[in-house]
>>> print(open('target-v2.pdb').read())   # PDB, C-alpha atoms
ATOM      1  CA  MET V   1     199.829  95.373 136.996
ATOM      2  CA  ASN V   2     198.986  94.338 140.574
ATOM      3  CA  GLU V   3     195.585  93.213 141.852
ATOM      4  CA  LEU V   4     194.602  96.666 143.146
ATOM      5  CA  GLU V   5     195.497  98.343 139.854
ATOM      6  CA  THR V   6     193.609  95.673 137.907
ATOM      7  CA  GLU V   7     190.471  96.161 140.022
ATOM      8  CA  LYS V   8     190.703  99.948 139.645
ATOM      9  CA  LYS V   9     191.005  99.626 135.860
ATOM     10  CA  LYS V  10     187.923  97.370 135.783
ATOM     11  CA  GLN V  11     185.958  99.999 137.715
ATOM     12  CA  VAL V  12     187.086 102.750 135.322
ATOM     13  CA  ILE V  13     186.175 100.647 132.270
ATOM     14  CA  GLY V  14     182.799  99.851 133.838
ATOM     15  CA  LEU V  15     182.072 103.515 134.511
ATOM     16  CA  TYR V  16     183.197 104.441 130.998
ATOM     17  CA  GLY V  17     180.807 101.905 129.453
ATOM     18  CA  GLU V  18     177.884 103.032 131.579
ATOM     19  CA  MET V  19     178.469 106.710 130.757
ATOM     20  CA  GLN V  20     178.612 105.929 127.028
ATOM     21  CA  LEU V  21     175.361 103.976 127.358
ATOM     22  CA  ALA V  22     173.689 106.793 129.308
ATOM     23  CA  MET V  23     174.608 109.352 126.628
ATOM     24  CA  ILE V  24     173.219 107.190 123.816
ATOM     25  CA  LEU V  25     169.977 106.584 125.721
ATOM     26  CA  HIS V  26     169.655 110.321 126.342
ATOM     27  CA  GLU V  27     170.135 111.025 122.621
ATOM     28  CA  LYS V  28     167.341 108.546 121.907
ATOM     29  CA  GLY V  29     164.948 110.459 124.149
ATOM     30  CA  TRP V  30     165.188 108.436 127.360
ATOM     31  CA  GLN V  31     165.616 110.038 130.759
ATOM     32  CA  VAL V  32     168.296 108.057 132.576
ATOM     33  CA  HIS V  33     168.123 107.548 136.344
ATOM     34  CA  ARG V  34     170.810 105.797 138.375
ATOM     35  CA  ALA V  35     170.262 104.162 141.758
ATOM     36  CA  TYR V  36     172.083 105.534 144.796
ATOM     37  CA  ILE V  37     172.455 101.962 145.996
ATOM     38  CA  ASP V  38     173.021  99.414 143.214
ATOM     39  CA  GLU V  39     171.464  96.080 144.110
ATOM     40  CA  GLY V  40     170.821  94.542 140.710
ATOM     41  CA  ILE V  41     169.344  97.329 138.585
ATOM     42  CA  ASP V  42     171.868  99.901 137.374
ATOM     43  CA  PHE V  43     169.642 102.237 135.341
ATOM     44  CA  THR V  44     165.965 103.064 135.339
ATOM     45  CA  ILE V  45     165.055 104.804 132.085
ATOM     46  CA  THR V  46     161.798 106.572 131.307
ATOM     47  CA  LYS V  47     159.947 108.039 128.344
ATOM     48  CA  TYR V  48     156.540 109.634 127.872
ATOM     49  CA  TRP V  49     153.869 107.650 126.019
ATOM     50  CA  CYS V  50     150.549 108.875 124.592
ATOM     51  CA  PRO V  51     147.836 106.216 125.015
ATOM     52  CA  LYS V  52     145.649 107.855 122.368
ATOM     53  CA  CYS V  53     148.294 108.321 119.660
ATOM     54  CA  GLU V  54     150.009 105.084 120.746
ATOM     55  CA  ARG V  55     153.452 106.572 120.322
ATOM     56  CA  PHE V  56     156.229 108.125 122.365
ATOM     57  CA  SER V  57     155.959 111.859 122.790
ATOM     58  CA  ASN V  58     157.618 114.882 124.317
ATOM     59  CA  GLN V  59     155.624 117.116 126.618
ATOM     60  CA  HIS V  60     153.536 119.700 124.802
ATOM     61  CA  LEU V  61     154.799 123.274 125.199
ATOM     62  CA  ARG V  62     152.056 125.856 125.459
ATOM     63  CA  TYR V  63     152.717 129.578 125.120
ATOM     64  CA  GLU V  64     150.510 132.025 127.030
ATOM     65  CA  LYS V  65     150.549 135.720 127.788
ATOM     66  CA  TYR V  66     151.766 136.437 131.329
ATOM     67  CA  ASP V  67     152.340 139.889 132.754
ATOM     68  CA  GLY V  68     152.257 141.306 129.269
ATOM     69  CA  LYS V  69     154.873 138.880 127.946
ATOM     70  CA  LYS V  70     154.773 135.590 126.094
ATOM     71  CA  ALA V  71     155.615 132.775 128.539
ATOM     72  CA  LYS V  72     156.345 129.105 127.977
ATOM     73  CA  CYS V  73     154.341 126.513 129.894
ATOM     74  CA  VAL V  74     155.432 122.873 130.015
ATOM     75  CA  THR V  75     152.381 120.576 130.179
ATOM     76  CA  ASN V  76     151.929 116.846 130.650
ATOM     77  CA  LEU V  77     150.070 116.690 127.354
ATOM     78  CA  CYS V  78     151.058 114.863 124.169
ATOM     79  CA  GLU V  79     152.983 117.019 121.695
ATOM     80  CA  HIS V  80     151.173 115.279 118.801
ATOM     81  CA  CYS V  81     147.494 115.582 119.784
ATOM     82  CA  SER V  82     147.980 118.381 122.367
ATOM     83  CA  HIS V  83     145.259 117.242 124.767
ATOM     84  CA  THR V  84     145.937 113.662 125.959
ATOM     85  CA  GLU V  85     147.673 113.167 129.319
ATOM     86  CA  LEU V  86     150.951 111.318 128.916
ATOM     87  CA  ASN V  87     151.921 108.107 130.697
ATOM     88  CA  VAL V  88     155.441 107.320 131.865
ATOM     89  CA  VAL V  89     157.014 104.156 130.419
ATOM     90  CA  SER V  90     159.848 102.671 132.486
ATOM     91  CA  ARG V  91     162.580 100.180 131.652
ATOM     92  CA  TYR V  92     165.039  98.640 134.100
ATOM     93  CA  LEU V  93     168.595  97.886 132.981
ATOM     94  CA  GLN V  94     171.281  95.664 134.444
ATOM     95  CA  VAL V  95     174.578  96.720 132.836
ATOM     96  CA  LYS V  96     177.830  94.789 132.580
ATOM     97  CA  THR V  97     180.979  96.098 130.881
ATOM     98  CA  SER V  98     183.823  93.855 129.697
ATOM     99  CA  GLU V  99     187.296  94.758 128.467
ATOM    100  CA  GLY V 100     188.846  92.741 125.670
ATOM    101  CA  ILE V 101     192.073  90.767 125.840
ATOM    102  CA  GLU V 102     194.439  91.021 122.899
ATOM    103  CA  THR V 103     194.809  88.140 120.435
ATOM    104  CA  ASN V 104     197.271  87.519 117.617
ATOM    105  CA  ASP V 105     195.055  89.640 115.388
ATOM    106  CA  LYS V 106     194.946  93.314 116.443
ATOM    107  CA  ASN V 107     191.414  93.586 115.001
ATOM    108  CA  ILE V 108     190.075  90.760 117.195
ATOM    109  CA  LYS V 109     189.859  90.637 120.976
ATOM    110  CA  GLU V 110     188.586  88.054 123.415
ATOM    111  CA  PHE V 111     185.872  89.025 125.884
ATOM    112  CA  SER V 112     184.296  87.296 128.866
ATOM    113  CA  PHE V 113     180.519  87.353 128.499
ATOM    114  CA  HIS V 114     178.893  87.080 131.903
ATOM    115  CA  PRO V 115     175.079  87.264 131.860
ATOM    116  CA  LYS V 116     174.239  88.661 135.293
ATOM    117  CA  ILE V 117     170.494  88.240 134.691
ATOM    118  CA  ARG V 118     169.817  84.582 133.897
ATOM    119  CA  TYR V 119     166.052  84.343 134.199
ATOM    120  CA  ASP V 120     162.880  85.933 132.852
ATOM    121  CA  MET V 121     162.063  89.074 134.853
ATOM    122  CA  GLY V 122     159.348  90.346 132.517
ATOM    123  CA  ASN V 123     158.978  92.655 129.554
ATOM    124  CA  ASN V 124     160.471  95.730 131.211
ATOM    125  CA  VAL V 125     163.786  94.334 132.468
ATOM    126  CA  PHE V 126     166.830  94.203 130.196
ATOM    127  CA  TYR V 127     170.427  93.122 130.377
ATOM    128  CA  VAL V 128     172.910  95.350 128.530
ATOM    129  CA  TRP V 129     176.349  93.887 127.895
ATOM    130  CA  ILE V 130     178.999  96.384 126.776
ATOM    131  CA  ALA V 131     182.197  95.198 125.100
ATOM    132  CA  VAL V 132     184.837  97.950 125.191
ATOM    133  CA  PHE V 133     187.197  97.487 122.261
ATOM    134  CA  GLU V 134     190.341  99.464 123.033
ATOM    135  CA  ASN V 135     192.946 100.263 120.389
ATOM    136  CA  ASP V 136     196.161 101.080 122.258
ATOM    137  CA  GLU V 137     197.938 102.234 119.095
ATOM    138  CA  ILE V 138     195.633 105.214 118.631
ATOM    139  CA  ASN V 139     194.445 105.421 122.257
ATOM    140  CA  ASN V 140     190.849 104.906 121.190
ATOM    141  CA  LYS V 141     187.960 103.073 122.863
ATOM    142  CA  THR V 142     184.856 101.827 121.047
ATOM    143  CA  CYS V 143     181.814 100.529 122.900
ATOM    144  CA  HIS V 144     179.744  97.722 121.398
ATOM    145  CA  PHE V 145     176.299  97.291 122.969
ATOM    146  CA  TYR V 146     174.340  94.023 123.096
ATOM    147  CA  ILE V 147     170.839  94.438 124.510
ATOM    148  CA  PHE V 148     168.754  91.514 125.723
ATOM    149  CA  ASN V 149     165.292  91.355 127.191
ATOM    150  CA  THR V 150     165.340  88.817 130.008
ATOM    151  CA  LYS V 151     163.008  86.659 127.911
ATOM    152  CA  ASP V 152     165.950  86.150 125.530
ATOM    153  CA  VAL V 153     168.125  84.376 128.100
ATOM    154  CA  SER V 154     167.312  80.904 126.787
ATOM    155  CA  LYS V 155     168.840  81.826 123.429
ATOM    156  CA  PHE V 156     172.353  81.991 124.833
ATOM    157  CA  ASP V 157     172.263  80.209 128.176
ATOM    158  CA  ASN V 158     170.705  76.901 129.215
ATOM    159  CA  THR V 159     169.015  77.212 132.592
ATOM    160  CA  SER V 160     167.419  73.754 132.493
ATOM    161  CA  ILE V 161     170.489  71.548 133.084
ATOM    162  CA  ASP V 162     170.728  69.877 136.492
ATOM    163  CA  THR V 163     174.082  71.423 137.417
ATOM    164  CA  TYR V 164     173.037  74.971 136.571
ATOM    165  CA  GLN V 165     173.309  77.581 139.310
ATOM    166  CA  ILE V 166     171.695  80.976 138.889
ATOM    167  CA  THR V 167     174.142  82.598 141.325
ATOM    168  CA  ASP V 168     177.334  81.173 139.840
ATOM    169  CA  ASN V 169     180.011  83.061 137.960
ATOM    170  CA  GLN V 170     179.975  81.161 134.679
ATOM    171  CA  LYS V 171     181.513  83.033 131.774
ATOM    172  CA  THR V 172     181.588  82.476 128.044
ATOM    173  CA  SER V 173     184.654  83.478 126.053
ATOM    174  CA  LEU V 174     183.658  85.379 122.908
ATOM    175  CA  LYS V 175     185.914  86.662 120.141
ATOM    176  CA  ILE V 176     184.792  90.037 118.788
ATOM    177  CA  ASN V 177     186.207  92.055 115.926
ATOM    178  CA  SER V 178     186.578  95.833 115.860
ATOM    179  CA  ARG V 179     183.117  96.177 114.239
ATOM    180  CA  GLY V 180     181.470  94.428 117.184
ATOM    181  CA  GLN V 181     180.712  91.166 115.394
ATOM    182  CA  ILE V 182     180.849  87.922 117.410
ATOM    183  CA  LEU V 183     183.091  85.436 115.591
ATOM    184  CA  ASN V 184     182.271  82.304 117.633
ATOM    185  CA  LYS V 185     180.420  79.627 115.699
ATOM    186  CA  GLY V 186     179.400  77.391 118.596
ATOM    187  CA  LYS V 187     178.319  73.746 118.488
ATOM    188  CA  ILE V 188     175.498  74.105 121.002
ATOM    189  CA  TYR V 189     174.540  77.782 120.872
ATOM    190  CA  ASN V 190     174.303  79.879 117.741
ATOM    191  CA  TYR V 191     176.228  82.994 118.694
ATOM    192  CA  ALA V 192     175.145  84.645 115.439
ATOM    193  CA  CYS V 193     172.095  85.816 117.407
ATOM    194  CA  PHE V 194     174.371  88.353 119.115
ATOM    195  CA  ASN V 195     175.021  89.952 115.732
ATOM    196  CA  ASN V 196     171.579  89.484 114.184
ATOM    197  CA  GLU V 197     169.279  90.213 117.114
ATOM    198  CA  PHE V 198     171.044  91.942 119.980
ATOM    199  CA  TYR V 199     173.830  94.167 118.629
ATOM    200  CA  ASN V 200     172.945  97.865 119.158
ATOM    201  CA  ASN V 201     169.331  96.766 119.496
ATOM    202  CA  PHE V 202     168.104  99.885 121.291
ATOM    203  CA  GLU V 203     164.747  99.563 119.509
ATOM    204  CA  VAL V 204     163.830  96.632 121.735
ATOM    205  CA  LEU V 205     163.536  99.035 124.672
ATOM    206  CA  GLU V 206     160.507 100.561 122.946
ATOM    207  CA  LYS V 207     158.980  97.297 121.783
ATOM    208  CA  PHE V 208     156.992  96.096 124.784
ATOM    209  CA  ILE V 209     154.187  98.440 125.786
ATOM    210  CA  GLN V 210     151.973  97.325 128.649
TER     211      GLN V 210
END
>>> encode(input="target-v2.pdb", output="structure tokens")
Amino acid sequence: MNELETEKKKQVIGLYGEMQLAMILHEKGWQVHRAYIDEGIDFTITKYWCPKCERFSNQHLRYEKYDGKKAKCVTNLCEHCSHTELNVVSRYLQVKTSEGIETNDKNIKEFSFHPKIRYDMGNNVFYVWIAVFENDEINNKTCHFYIFNTKDVSKFDNTSIDTYQITDNQKTSLKINSRGQILNKGKIYNYACFNNEFYNNFEVLEKFIQ
């Protein structure tokens, strides 16, 4: 495979991962918005929040008589209490998709983990790393999602060392099995946090309410 073909495959894998992520977020009730010009934030996602009920809500549907017929009216009111105006909660996602390299074990692949956000950008900004585990034998792709708030960066990357550069292209090689579990033990960093805290952790997107 030449350089052009390799770059094209990376773009296809990246788009595949982002589309899979967008569909899951939609199923979980988020509206997914993508920037026309990508300069750091790939997705902005939004949900409605009721400040009185202190929970996420859909918009209340009210039915009224109009021209002799029953008509549906979409309001900006909470579906639970029916009278509180909803707020819009936003989250901002930087997304990176990686494709695994085969190892001697067909159930384990090696991925390059490249945290593109390496500093705390606040409660509403998240980094989503997607590992696409492809099984060539059955022509099947499985996406594994690892979701980090930018406050979690210090758990897997040390920004305090003198030689550290925020804009560099440092990568960590991680071995992942077909179930999405990180197998690296690590002498400095405990990579078990990927499995215990960040794997498919979509709930964290609803955790911080300001």
>>> atom_distance(input="target-v2.pdb", atom1="atom CA of V:Ser90", atom2="atom CA of V:Phe194")
24.4 Å
>>> residues_around(input="target-v2.pdb", residues="stretch 62-69 of chain V", least_positions_apart="5", cutoff="12 Å", atoms="only C-alpha atoms", output="PyMOL selection string")
chain V and resi 74-79+82-83
>>> closest_residue(input="target-v2.pdb", among="V:Val12, V:Ile117, V:Leu86, V:Leu183", to="V:Lys52", atoms="all atoms listed in the file")
V:Leu86
>>> resolve_selection(input="target-v2.pdb", expression="the PyMOL selection byres ((chain V and resi 174) around 8)", output="list in words")
Glu110, Phe111, Ser112, Phe113, Thr172, Ser173, Lys175, Ile176, Ile182, Leu183 and Asn184 of chain V
>>> write_last_selection(input="target-v2.pdb", atoms="C-alpha atoms", output="PDB file, in the frame of the given file")
ATOM      1  CA  GLU V 110     188.586  88.054 123.415  1.00  0.00           C
ATOM      2  CA  PHE V 111     185.872  89.025 125.884  1.00  0.00           C
ATOM      3  CA  SER V 112     184.296  87.296 128.866  1.00  0.00           C
ATOM      4  CA  PHE V 113     180.519  87.353 128.499  1.00  0.00           C
ATOM      5  CA  THR V 172     181.588  82.476 128.044  1.00  0.00           C
ATOM      6  CA  SER V 173     184.654  83.478 126.053  1.00  0.00           C
ATOM      7  CA  LYS V 175     185.914  86.662 120.141  1.00  0.00           C
ATOM      8  CA  ILE V 176     184.792  90.037 118.788  1.00  0.00           C
ATOM      9  CA  ILE V 182     180.849  87.922 117.410  1.00  0.00           C
ATOM     10  CA  LEU V 183     183.091  85.436 115.591  1.00  0.00           C
ATOM     11  CA  ASN V 184     182.271  82.304 117.633  1.00  0.00           C
TER      12      ASN V 184
END
>>> residues_around(input="target-v2.pdb", residues="V:Tyr127", least_positions_apart="3", cutoff="12 Å", atoms="all atoms listed in the file", output="NGL selection string")
:V and (40-44 or 91-97 or 113-124 or 130 or 145-153 or 198 or 201-202 or 204-205)
>>> atom_distance(input="target-v2.pdb", atom1="atom CA of V:Asn177", atom2="atom CA of V:Asn107")
5.5 Å
>>> closest_residue(input="target-v2.pdb", among="V:His26, V:Arg179, V:Lys155, V:Lys171", to="V:Phe133", atoms="only C-alpha atoms")
V:Arg179
>>> atom_distance(input="target-v2.pdb", atom1="atom CA of V:Gly14", atom2="atom CA of V:Ser178")
18.8 Å
>>> closest_residue(input="target-v2.pdb", among="V:Asn196, V:Gln11, V:Ser57, V:Asn135", to="V:Ile108", atoms="only C-alpha atoms")
V:Asn135
>>> residues_around(input="target-v2.pdb", residues="stretch 53-55 of chain V", least_positions_apart="3", cutoff="8 Å", atoms="all atoms listed in the file", output="mmCIF file with C-alpha atoms, in the frame of the given file")
data_model
loop_
_atom_site.group_PDB
_atom_site.id
_atom_site.type_symbol
_atom_site.label_atom_id
_atom_site.label_comp_id
_atom_site.auth_asym_id
_atom_site.auth_seq_id
_atom_site.Cartn_x
_atom_site.Cartn_y
_atom_site.Cartn_z
ATOM 1 C CA TRP V 49 153.869 107.650 126.019
ATOM 2 C CA CYS V 50 150.549 108.875 124.592
ATOM 3 C CA HIS V 80 151.173 115.279 118.801
ATOM 4 C CA CYS V 81 147.494 115.582 119.784
#
>>> closest_residue(input="target-v2.pdb", among="V:Ile45, V:Val89, V:Cys73, V:Leu25", to="V:Asn200", atoms="only C-alpha atoms")
V:Leu25
>>> closest_residue(input="target-v2.pdb", among="V:Glu39, V:Glu203, V:Glu27, V:Glu102", to="V:Glu134", atoms="all atoms listed in the file")
V:Glu102
>>> closest_residue(input="target-v2.pdb", among="V:Tyr199, V:Tyr191, V:Tyr36, V:Phe156", to="V:Cys143", atoms="all atoms listed in the file")
V:Tyr199
